[in-house]
Structure formats: structure tokens, C-alpha cells
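Asks: The structure file structure-v1.pdb (PDB, C-alpha atoms (C1' of nucleotides)) is provided below.
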```
MODEL        1
ATOM      1  CA  MET A   1     -35.804-106.737  79.009
ATOM      2  CA  ALA A   2     -34.838-109.864  80.777
ATOM      3  CA  ARG A   3     -36.714-111.954  83.168
ATOM      4  CA  ALA A   4     -40.449-111.670  83.440
ATOM      5  CA  ALA A   5     -41.797-113.901  86.156
ATOM      6  CA  THR A   6     -40.776-113.185  89.700
ATOM      7  CA  THR A   7     -40.832-115.470  92.642
ATOM      8  CA  SER A   8     -43.795-113.510  93.855
ATOM      9  CA  ASP A   9     -46.517-115.832  92.770
ATOM     10  CA  VAL A  10     -47.597-119.137  94.165
ATOM     11  CA  PHE A  11     -46.430-121.218  91.223
ATOM     12  CA  ASN A  12     -42.933-119.926  91.645
ATOM     13  CA  ALA A  13     -42.997-120.177  95.388
ATOM     14  CA  ILE A  14     -43.709-123.888  95.278
ATOM     15  CA  ALA A  15     -41.216-124.507  92.522
ATOM     16  CA  GLU A  16     -38.565-124.666  95.221
ATOM     17  CA  PRO A  17     -38.277-128.121  96.773
ATOM     18  CA  GLN A  18     -37.234-126.728 100.123
ATOM     19  CA  ARG A  19     -40.258-124.516 100.244
ATOM     20  CA  ARG A  20     -42.512-127.435  99.491
ATOM     21  CA  ALA A  21     -40.815-129.241 102.324
ATOM     22  CA  ILE A  22     -41.565-126.349 104.631
ATOM     23  CA  LEU A  23     -45.223-126.368 103.682
ATOM     24  CA  ALA A  24     -45.393-130.074 104.347
ATOM     25  CA  LEU A  25     -43.667-129.634 107.660
ATOM     26  CA  LEU A  26     -46.132-126.986 108.761
ATOM     27  CA  GLN A  27     -49.098-129.170 108.013
ATOM     28  CA  PRO A  28     -49.445-130.555 111.516
ATOM     29  CA  GLY A  29     -49.107-127.149 113.101
ATOM     30  CA  GLU A  30     -47.160-123.975 113.683
ATOM     31  CA  ARG A  31     -43.419-123.937 114.137
ATOM     32  CA  PRO A  32     -40.768-121.435 115.053
ATOM     33  CA  VAL A  33     -38.129-120.653 112.482
ATOM     34  CA  THR A  34     -35.382-122.497 114.280
ATOM     35  CA  GLU A  35     -37.355-125.675 114.372
ATOM     36  CA  VAL A  36     -38.060-125.464 110.666
ATOM     37  CA  ALA A  37     -34.392-124.959 109.972
ATOM     38  CA  GLN A  38     -33.337-127.808 112.197
ATOM     39  CA  GLU A  39     -35.955-130.226 111.026
ATOM     40  CA  LEU A  40     -35.131-129.651 107.381
ATOM     41  CA  GLY A  41     -31.395-129.373 107.748
ATOM     42  CA  MET A  42     -31.002-125.817 106.678
ATOM     43  CA  THR A  43     -29.444-122.777 108.264
ATOM     44  CA  GLN A  44     -31.552-120.299 110.187
ATOM     45  CA  PRO A  45     -31.145-117.522 107.625
ATOM     46  CA  GLY A  46     -31.997-120.014 104.940
ATOM     47  CA  ALA A  47     -35.232-120.964 106.607
ATOM     48  CA  SER A  48     -36.005-117.326 107.254
ATOM     49  CA  LYS A  49     -35.616-116.440 103.613
ATOM     50  CA  HIS A  50     -37.779-119.232 102.345
ATOM     51  CA  LEU A  51     -40.430-118.419 104.906
ATOM     52  CA  ARG A  52     -40.359-114.842 103.731
ATOM     53  CA  VAL A  53     -41.137-115.885 100.182
ATOM     54  CA  LEU A  54     -43.906-118.137 101.359
ATOM     55  CA  ARG A  55     -45.327-115.360 103.466
ATOM     56  CA  GLU A  56     -45.187-112.901 100.602
ATOM     57  CA  VAL A  57     -47.335-115.130  98.453
ATOM     58  CA  GLY A  58     -49.632-115.770 101.382
ATOM     59  CA  LEU A  59     -48.983-119.455 101.874
ATOM     60  CA  VAL A  60     -47.811-118.911 105.393
ATOM     61  CA  ARG A  61     -48.747-116.636 108.254
ATOM     62  CA  ASP A  62     -46.626-115.594 111.148
ATOM     63  CA  ARG A  63     -47.458-114.612 114.640
ATOM     64  CA  LYS A  64     -45.369-113.506 117.517
ATOM     65  CA  ALA A  65     -45.137-115.832 120.430
ATOM     66  CA  GLY A  66     -42.880-114.325 123.006
ATOM     67  CA  LYS A  67     -39.314-114.436 121.889
ATOM     68  CA  GLN A  68     -40.255-116.637 118.993
ATOM     69  CA  ARG A  69     -42.192-116.173 115.811
ATOM     70  CA  LEU A  70     -44.494-118.990 114.904
ATOM     71  CA  TYR A  71     -45.151-119.772 111.289
ATOM     72  CA  GLY A  72     -48.364-121.452 110.327
ATOM     73  CA  LEU A  73     -49.730-122.807 107.109
ATOM     74  CA  ASP A  74     -52.361-120.958 105.109
ATOM     75  CA  ALA A  75     -52.747-123.323 102.226
ATOM     76  CA  ARG A  76     -55.655-121.601 100.590
ATOM     77  CA  GLY A  77     -53.258-120.129  98.064
ATOM     78  CA  LEU A  78     -52.609-123.613  96.779
ATOM     79  CA  ARG A  79     -56.127-123.922  95.582
ATOM     80  CA  PRO A  80     -55.571-122.125  92.279
ATOM     81  CA  VAL A  81     -52.745-124.513  91.523
ATOM     82  CA  HIS A  82     -54.915-127.461  92.358
ATOM     83  CA  GLN A  83     -57.635-126.104  90.154
ATOM     84  CA  TRP A  84     -55.375-125.263  87.295
ATOM     85  CA  THR A  85     -53.869-128.727  87.181
ATOM     86  CA  GLY A  86     -57.341-130.132  87.648
ATOM     87  CA  GLY A  87     -58.260-128.560  84.364
ATOM     88  CA  PHE A  88     -56.054-131.175  82.752
ATOM     89  CA  GLU A  89     -57.478-134.050  84.703
ATOM     90  CA  ARG A  90     -59.347-135.480  81.773
ATOM     91  CA  PHE A  91     -56.033-135.958  80.007
ATOM     92  CA  TRP A  92     -54.812-138.488  82.473
ATOM     93  CA  ASN A  93     -58.173-140.138  83.011
ATOM     94  CA  GLU A  94     -57.924-142.482  80.078
ATOM     95  CA  SER A  95     -61.695-142.752  80.015
ATOM     96  CA  PHE A  96     -61.435-139.694  77.858
ATOM     97  CA  ASP A  97     -61.310-140.087  74.082
ATOM     98  CA  ARG A  98     -58.382-141.504  72.129
ATOM     99  CA  LEU A  99     -55.670-139.713  74.046
ATOM    100  CA  ASP A 100     -53.903-142.941  74.750
ATOM    101  CA  GLU A 101     -53.448-144.109  71.227
ATOM    102  CA  TYR A 102     -52.556-140.595  70.299
ATOM    103  CA  VAL A 103     -49.776-140.578  72.828
ATOM    104  CA  GLN A 104     -48.649-143.947  71.538
ATOM    105  CA  ASP A 105     -48.406-142.468  68.101
ATOM    106  CA  LEU A 106     -46.271-139.672  69.390
ATOM    107  CA  LYS A 107     -43.991-142.058  71.216
ATOM    108  CA  GLN A 108     -43.591-144.163  68.144
ATOM    109  CA  ALA A 109     -42.913-141.180  65.974
ATOM    110  CA  SER A 110     -40.182-139.882  68.271
ATOM    111  CA  GLN A 111     -38.519-143.259  68.505
ATOM    112  CA  GLU A 112     -38.458-143.756  64.785
ATOM    113  CA  ASP A 113     -36.315-140.702  64.647
TER     114      ASP A 113
ATOM    115  CA  MET B 114     -22.608-124.140  95.818
ATOM    116  CA  ALA B 115     -25.279-121.982  94.362
ATOM    117  CA  ARG B 116     -28.578-122.875  92.944
ATOM    118  CA  ALA B 117     -30.113-126.238  93.618
ATOM    119  CA  ALA B 118     -33.331-126.686  91.726
ATOM    120  CA  THR B 119     -33.167-126.734  87.983
ATOM    121  CA  THR B 120     -35.926-126.099  85.525
ATOM    122  CA  SER B 121     -35.892-129.788  84.865
ATOM    123  CA  ASP B 122     -38.829-130.755  86.970
ATOM    124  CA  VAL B 123     -42.504-130.237  86.449
ATOM    125  CA  PHE B 124     -42.972-127.751  89.264
ATOM    126  CA  ASN B 125     -40.393-125.485  87.733
ATOM    127  CA  ALA B 126     -41.641-125.982  84.219
ATOM    128  CA  ILE B 127     -45.080-124.708  85.112
ATOM    129  CA  ALA B 128     -43.726-121.854  87.182
ATOM    130  CA  GLU B 129     -43.385-119.910  83.940
ATOM    131  CA  PRO B 130     -46.612-118.173  82.910
ATOM    132  CA  GLN B 131     -45.821-118.492  79.233
ATOM    133  CA  ARG B 132     -45.352-122.189  79.570
ATOM    134  CA  ARG B 133     -48.667-122.537  81.323
ATOM    135  CA  ALA B 134     -50.180-120.617  78.452
ATOM    136  CA  ILE B 135     -48.675-123.081  76.017
ATOM    137  CA  LEU B 136     -50.095-126.025  77.886
ATOM    138  CA  ALA B 137     -53.508-124.417  77.877
ATOM    139  CA  LEU B 138     -53.220-123.674  74.193
ATOM    140  CA  LEU B 139     -52.388-127.264  73.387
ATOM    141  CA  GLN B 140     -55.387-128.592  75.228
ATOM    142  CA  PRO B 141     -57.659-128.730  72.180
ATOM    143  CA  GLY B 142     -55.027-130.417  70.078
ATOM    144  CA  GLU B 143     -51.598-130.435  68.513
ATOM    145  CA  ARG B 144     -49.983-127.345  67.089
ATOM    146  CA  PRO B 145     -46.880-126.478  65.123
ATOM    147  CA  VAL B 146     -44.328-124.222  66.771
ATOM    148  CA  THR B 147     -45.109-121.248  64.620
ATOM    149  CA  GLU B 148     -48.734-121.323  65.535
ATOM    150  CA  VAL B 149     -47.911-121.482  69.195
ATOM    151  CA  ALA B 150     -45.620-118.508  68.833
ATOM    152  CA  GLN B 151     -48.137-116.503  66.887
ATOM    153  CA  GLU B 152     -51.082-117.323  69.064
ATOM    154  CA  LEU B 153     -49.247-116.374  72.226
ATOM    155  CA  GLY B 154     -47.406-113.386  70.851
ATOM    156  CA  MET B 155     -43.906-114.686  71.214
ATOM    157  CA  THR B 156     -41.041-115.142  68.826
ATOM    158  CA  GLN B 157     -40.447-118.466  67.166
ATOM    159  CA  PRO B 158     -37.205-119.129  69.037
ATOM    160  CA  GLY B 159     -38.980-118.194  72.217
ATOM    161  CA  ALA B 160     -41.725-120.704  71.632
ATOM    162  CA  SER B 161     -39.169-123.299  70.653
ATOM    163  CA  LYS B 162     -37.259-122.879  73.876
ATOM    164  CA  HIS B 163     -40.281-123.094  76.095
ATOM    165  CA  LEU B 164     -41.484-126.137  74.227
ATOM    166  CA  ARG B 165     -38.101-127.706  74.780
ATOM    167  CA  VAL B 166     -38.406-127.279  78.517
ATOM    168  CA  LEU B 167     -41.896-128.706  78.466
ATOM    169  CA  ARG B 168     -40.716-131.624  76.422
ATOM    170  CA  GLU B 169     -37.812-132.297  78.734
ATOM    171  CA  VAL B 170     -40.125-132.682  81.678
ATOM    172  CA  GLY B 171     -42.477-134.764  79.600
ATOM    173  CA  LEU B 172     -45.464-132.444  79.517
ATOM    174  CA  VAL B 173     -45.370-132.255  75.767
ATOM    175  CA  ARG B 174     -44.611-134.631  72.933
ATOM    176  CA  ASP B 175     -43.545-133.803  69.449
ATOM    177  CA  ARG B 176     -44.022-135.559  66.186
ATOM    178  CA  LYS B 177     -42.891-134.788  62.715
ATOM    179  CA  ALA B 178     -45.575-133.865  60.255
ATOM    180  CA  GLY B 179     -43.979-133.060  56.993
ATOM    181  CA  LYS B 180     -42.150-129.840  57.138
ATOM    182  CA  GLN B 181     -43.657-129.046  60.470
ATOM    183  CA  ARG B 182     -43.285-130.429  63.926
ATOM    184  CA  LEU B 183     -46.484-130.845  65.853
ATOM    185  CA  TYR B 184     -46.478-130.458  69.589
ATOM    186  CA  GLY B 185     -49.097-132.213  71.620
ATOM    187  CA  LEU B 186     -50.013-132.197  75.256
ATOM    188  CA  ASP B 187     -49.117-135.044  77.567
ATOM    189  CA  ALA B 188     -50.539-133.762  80.780
ATOM    190  CA  ARG B 189     -49.947-136.849  82.833
ATOM    191  CA  GLY B 190     -46.963-135.152  84.395
ATOM    192  CA  LEU B 191     -49.283-132.645  85.983
ATOM    193  CA  ARG B 192     -50.838-135.305  88.083
ATOM    194  CA  PRO B 193     -48.165-135.208  90.796
ATOM    195  CA  VAL B 194     -48.719-131.497  91.149
ATOM    196  CA  HIS B 195     -52.433-132.000  91.394
ATOM    197  CA  GLN B 196     -51.930-134.648  93.997
ATOM    198  CA  TRP B 197     -49.440-132.694  96.001
ATOM    199  CA  THR B 198     -51.676-129.663  96.234
ATOM    200  CA  GLY B 199     -54.573-132.011  96.904
ATOM    201  CA  GLY B 200     -52.772-133.061 100.051
ATOM    202  CA  PHE B 201     -53.598-129.618 101.400
ATOM    203  CA  GLU B 202     -57.198-129.692 100.349
ATOM    204  CA  ARG B 203     -58.467-130.129 103.845
ATOM    205  CA  PHE B 204     -56.910-126.805 104.737
ATOM    206  CA  TRP B 205     -59.153-124.880 102.448
ATOM    207  CA  ASN B 206     -62.234-126.980 103.118
ATOM    208  CA  GLU B 207     -63.275-125.207 106.250
ATOM    209  CA  SER B 208     -65.207-128.284 107.340
ATOM    210  CA  PHE B 209     -61.895-129.302 108.822
ATOM    211  CA  ASP B 210     -61.217-128.482 112.481
ATOM    212  CA  ARG B 211     -60.502-125.023 113.820
ATOM    213  CA  LEU B 212     -58.296-123.919 110.991
ATOM    214  CA  ASP B 213     -60.458-120.955 110.343
ATOM    215  CA  GLU B 214     -60.333-119.439 113.750
ATOM    216  CA  TYR B 215     -56.686-120.239 113.836
ATOM    217  CA  VAL B 216     -56.117-118.273 110.667
ATOM    218  CA  GLN B 217     -58.165-115.452 112.110
ATOM    219  CA  ASP B 218     -55.881-115.390 115.077
ATOM    220  CA  LEU B 219     -52.890-115.139 112.850
ATOM    221  CA  LYS B 220     -54.411-112.321 110.845
ATOM    222  CA  GLN B 221     -55.275-110.458 113.974
ATOM    223  CA  ALA B 222     -51.847-110.924 115.415
ATOM    224  CA  SER B 223     -50.133-109.591 112.293
ATOM    225  CA  GLN B 224     -52.389-106.580 112.100
ATOM    226  CA  GLU B 225     -51.875-105.652 115.682
ATOM    227  CA  ASP B 226     -48.273-105.264 114.829
TER     228      ASP B 226
ATOM    229  C1'  DT C 227     -28.864-129.159  43.927
ATOM    230  C1'  DT C 228     -31.070-125.069  45.012
ATOM    231  C1'  DG C 229     -34.457-122.324  47.145
ATOM    232  C1'  DA C 230     -38.136-121.631  50.444
ATOM    233  C1'  DC C 231     -40.068-122.586  54.616
ATOM    234  C1'  DA C 232     -40.075-124.574  59.622
ATOM    235  C1'  DT C 233     -37.656-125.287  63.623
ATOM    236  C1'  DA C 234     -33.668-125.520  66.735
ATOM    237  C1'  DT C 235     -29.483-123.772  68.679
ATOM    238  C1'  DG C 236     -25.910-120.528  70.180
ATOM    239  C1'  DC C 237     -24.552-116.362  72.064
ATOM    240  C1'  DC C 238     -25.482-112.253  74.686
ATOM    241  C1'  DG C 239     -27.013-108.932  78.303
ATOM    242  C1'  DA C 240     -29.911-108.050  82.188
ATOM    243  C1'  DT C 241     -31.604-109.862  86.059
ATOM    244  C1'  DA C 242     -33.066-113.258  89.515
ATOM    245  C1'  DT C 243     -32.040-116.894  92.316
ATOM    246  C1'  DC C 244     -29.927-119.774  96.099
ATOM    247  C1'  DG C 245     -26.742-120.657  99.731
ATOM    248  C1'  DG C 246     -23.385-119.018 103.038
ATOM    249  C1'  DA C 247     -21.393-115.962 106.380
ATOM    250  C1'  DA C 248     -21.574-111.894 108.979
ATOM    251  C1'  DT C 249     -24.343-108.748 111.088
ATOM    252  C1'  DA C 250     -28.472-106.167 112.335
ATOM    253  C1'  DT C 251     -32.870-106.125 114.673
ATOM    254  C1'  DG C 252     -36.120-107.584 118.147
ATOM    255  C1'  DG C 253     -37.745-109.322 122.343
ATOM    256  C1'  DT C 254     -36.963-111.219 127.256
ATOM    257  C1'  DG C 255     -35.196-111.580 131.670
ATOM    258  C1'  DG C 256     -32.216-110.130 135.122
TER     259       DG C 256
ATOM    260  C1'  DC D 257     -29.417-100.865 130.856
ATOM    261  C1'  DC D 258     -27.248-105.150 129.486
ATOM    262  C1'  DA D 259     -26.437-109.968 128.224
ATOM    263  C1'  DC D 260     -28.941-113.517 125.756
ATOM    264  C1'  DC D 261     -31.706-115.847 122.587
ATOM    265  C1'  DA D 262     -34.607-115.834 118.152
ATOM    266  C1'  DT D 263     -35.199-114.031 113.816
ATOM    267  C1'  DA D 264     -34.410-110.925 109.870
ATOM    268  C1'  DT D 265     -31.502-108.533 106.689
ATOM    269  C1'  DT D 266     -27.514-107.573 103.936
ATOM    270  C1'  DC D 267     -23.707-108.611 101.086
ATOM    271  C1'  DC D 268     -21.471-111.891  98.225
ATOM    272  C1'  DG D 269     -20.251-115.388  94.545
ATOM    273  C1'  DA D 270     -21.871-118.881  91.489
ATOM    274  C1'  DT D 271     -25.178-120.024  88.523
ATOM    275  C1'  DA D 272     -29.655-120.086  86.129
ATOM    276  C1'  DT D 273     -33.060-117.851  83.758
ATOM    277  C1'  DC D 274     -35.513-115.262  80.003
ATOM    278  C1'  DG D 275     -35.781-112.621  75.835
ATOM    279  C1'  DG D 276     -33.720-111.115  71.480
ATOM    280  C1'  DC D 277     -31.067-111.706  67.551
ATOM    281  C1'  DA D 278     -28.387-114.195  64.344
ATOM    282  C1'  DT D 279     -27.625-118.446  62.489
ATOM    283  C1'  DA D 280     -27.544-123.403  62.033
ATOM    284  C1'  DT D 281     -30.168-127.573  60.963
ATOM    285  C1'  DG D 282     -33.917-129.961  58.744
ATOM    286  C1'  DT D 283     -37.348-130.870  55.265
ATOM    287  C1'  DC D 284     -39.816-130.525  51.299
ATOM    288  C1'  DA D 285     -40.507-129.399  46.214
ATOM    289  C1'  DA D 286     -39.112-128.274  41.820
TER     290       DA D 286
ENDMDL
END
```
What's the C-alpha cells form of this structure?
Replies:
Amino acid sequence: MARAATTSDVFNAIAEPQRRAILALLQPGERPVTEVAQELGMTQPGASKHLRVLREVGLVRDRKAGKQRLYGLDARGLRPVHQWTGGFERFWNESFDRLDEYVQDLKQASQED
Amino acid sequence: MARAATTSDVFNAIAEPQRRAILALLQPGERPVTEVAQELGMTQPGASKHLRVLREVGLVRDRKAGKQRLYGLDARGLRPVHQWTGGFERFWNESFDRLDEYVQDLKQASQED
DNA sequence: TTGACATATGCCGATATCGGAATATGGTGG
DNA sequence: CCACCATATTCCGATATCGGCATATGTCAA
């Protein structure tokens, strides 16, 4: 056995900085592949590959528009990520219990090392 | 040139299902490595390695407790992820513009294919 | 110091990944 | 049908990753 997790889930898809950049770029609206590539300074095949991954996890939809193929955002897949991280929200909202002093303790302990 | 993104950022750290499991497990409180391993059905070295990654990106802190080493959550690093995904929130809150019909169009177009 | 327990590290094999270049596929217009 | 433009796919090398196993390091207690 070797590797377990594939790129075929949303968490992995957005682990790639370039793919996050693509998602951000598509926020205002659809774009053809070439434009994505140009705008983000990558090669056409590069953009195509990243878009493929994003499409496979459902973060992006494509549609033919004449000679071109327009890619558009479908960010609903990001919701689980938002929710999952949200589950930890209370840990950075200090209002919650003695987390802060606890973290201080940890810091101190590691430094003493 | 080859690979760009390393595991050394939060997005990559949480791309691993096992590491997400660890973070969830640590939510109630600190745990020694062995317990983490046991609880999640992984080997001790396995747990140790994942915890290392989590520590390197700052999602986890460790502190010596006698013979053991207790790992505790420091979820503040998840905030950027929460925020980044939150930037797309309007795309899954239908109340926003004609996204929905737009997505329908895309769906339709792909199916027609 | 020695022994027992807890944790970390090193090495390995299998596989996945990314980027680049070349090339294949697809669609459009003449 | 044939050039032309847009996009996808394939092949490649370099590297990163994960899991497993063996072993090193660390820490206590007697």
C-alpha cells in the first residue's frame, strides 16, 4: 500500500495554490481556458489540467461557447470545507474557555525545551 | 522544476483525511501520541509523522508531560481557510443574483453533450 | 546504570503529483 | 475538405507523499 488520498476530493483540489487562484479568478464570471492561463501566467495545458481537477470535484462547470469552452465557478463544493473549519471556530474565538492560557502554557513548555 | 506546493501550509496539511481526523480527535482536549494512534487505528510512527506535519503548520502544539508528550489543538491556523472559503459564501447562498439559473444552464449544456 | 516505556526518525517501495513539451482532438470558417 | 484556432491528452522527469518496519532518542524509576 502506498498513498491513500487522491486529488479527487475538494480538500485536495484546493490544496494547490494555482487552483485556488483559478477559483478566485472565476469569481466575477466565466472564462475560456486561454484567458485563465494568460491571466495567471501559466501554460495552456497547465490551465487545462488544473481545470480538469476542479471540474472532477465539481468546483467548476464548463460549457461550450463556439470555438471556446467557458469555465464557470460552482463554489457549492466549498461549503463542506467552510463548515468543517467552522467547527473549530470556537477555538479562535477567545470568548471560549481558557484556551488562551492553555496555549500560553504550551508555548512556554516548548520554549523551555 | 517539478512540484511547487509543499505540505508545509495549512491547506495541504488538512488535505489529508487522517490529519483532519486527528484535529477532530484533539478537539475535546490534549492527547498523547499513542492514544491518537490507537483511537484512529494507525501505527505509532504514523501518528507521529502526521502530528509533525500538523505541528509544522502550527495547527497543533506539544508539551512534555512526564514520559509522554501531549498534543493539543491550536486551531487558529484554520481561520484563513474558513475565511477563504467564506469568500465564496455568496455563491452558495442562492439569494445572490442569477447564479442558480446560470448553473442550470451549465448543467444543461454539459448534459446535451 | 539498566530496563521499560513513549516518541521520533530514517529508510524503503509504491504511487501520485506538477510542470513542460509535443501532439491529439474538436470546432469554425472558407 | 482544409487551414486555423482553442482545448485536451499523453508522455516524461523530478520530486513529494504515505505507509510500514526497524531503530534511534528520550524519559522515568528502581
Asks: What gap, in Å, lies between atom CA of Asn125 of chain B and atom CA of His82 of chain A?
Replies: 15.4 Å
Asks: Can you list what the PyMOL selection byres ((chain C and resi 233) around 10) grabs from this structure, as an MDAnalysis selection string?
Replies: (chainID B and resid 145:147 157:158 161 180:182) or (chainID C and resid 231:232 234:235) or (chainID D and resid 281:282)
Asks: Compile the contact shell of DA230 of chain C as a PyMOL selection string: residues with an atom at most 12 Å away, counting all atoms listed in the file, same-chain residues fewer than 3 positions apart removed.
Replies: (chain B and resi 180) or (chain D and resi 283-286)
Asks: With C-alpha atoms (C1' of nucleotides) retained, export the selected residues as a CSV table (one decimal), in the frame of the given file.
Replies:
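Written out: selection-v1.csv:
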```
chain,number,residue,atom,x,y,z
B,180,LYS,CA,-42.2,-129.8,57.1
D,283,DT,C1',-37.3,-130.9,55.3
D,284,DC,C1',-39.8,-130.5,51.3
D,285,DA,C1',-40.5,-129.4,46.2
D,286,DA,C1',-39.1,-128.3,41.8
```
Asks: So that each row is one residue of chain D with an atom at most 10 Å from chain B, can you give its shortest atom pair and the distance in Å to one decimal, using all atoms listed in the file, rows by chain and rising number, as CSV?
Replies:
```
residue,atom,partner,partner_atom,distance
D:DG269,C1',B:Ala115,CA,8.3
D:DA270,C1',B:Ala115,CA,5.4
D:DT271,C1',B:Ala115,CA,6.2
D:DA272,C1',B:Arg116,CA,7.4
D:DT273,C1',B:Thr120,CA,8.9
D:DC274,C1',B:Gly159,CA,9.0
D:DG275,C1',B:Gly159,CA,7.4
D:DG276,C1',B:Thr156,CA,8.8
D:DC277,C1',B:Pro158,CA,9.7
D:DG282,C1',B:Lys180,CA,8.4
D:DT283,C1',B:Lys180,CA,5.3
D:DC284,C1',B:Lys180,CA,6.3
```
Asks: Mind pulling up the distance from atom CA of Arg20 of chain A to atom CA of Arg189 of chain B?
Replies: 20.5 Å
Asks: Once you count all atoms listed in the file, which residues of chain C turn out to be within 12 Å of chain A? Could you give them as a VMD selection string?
Replies: chain C and resid 238 to 249 252 to 255
Asks: Please identify all polymer residues within 10 Å of Leu25 of chain A, counting only C-alpha atoms (C1' of nucleotides), omitting same-chain residues fewer than 5 positions from it, and present them as an MDAnalysis selection string.
Replies: chainID A and resid 19:20 30:31 36 39:40 72:73
Asks: Between atom CA of Gly190 of chain B and atom CA of Leu172 of chain B, what is the distance, to one decimal in Å?
Replies: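 About the pair atom CA of Gly190 of chain B and atom CA of Leu172 of chain B: they are 5.8 Å apart.
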Asks: With all atoms listed in the file considered, list every residue of chain A at most 7 Å from chain B, as a ChimeraX atom specification.
Replies: /A:5,11-12,15-16,61-63,75-76,78,82,85-86,88,91-92,106,109-110
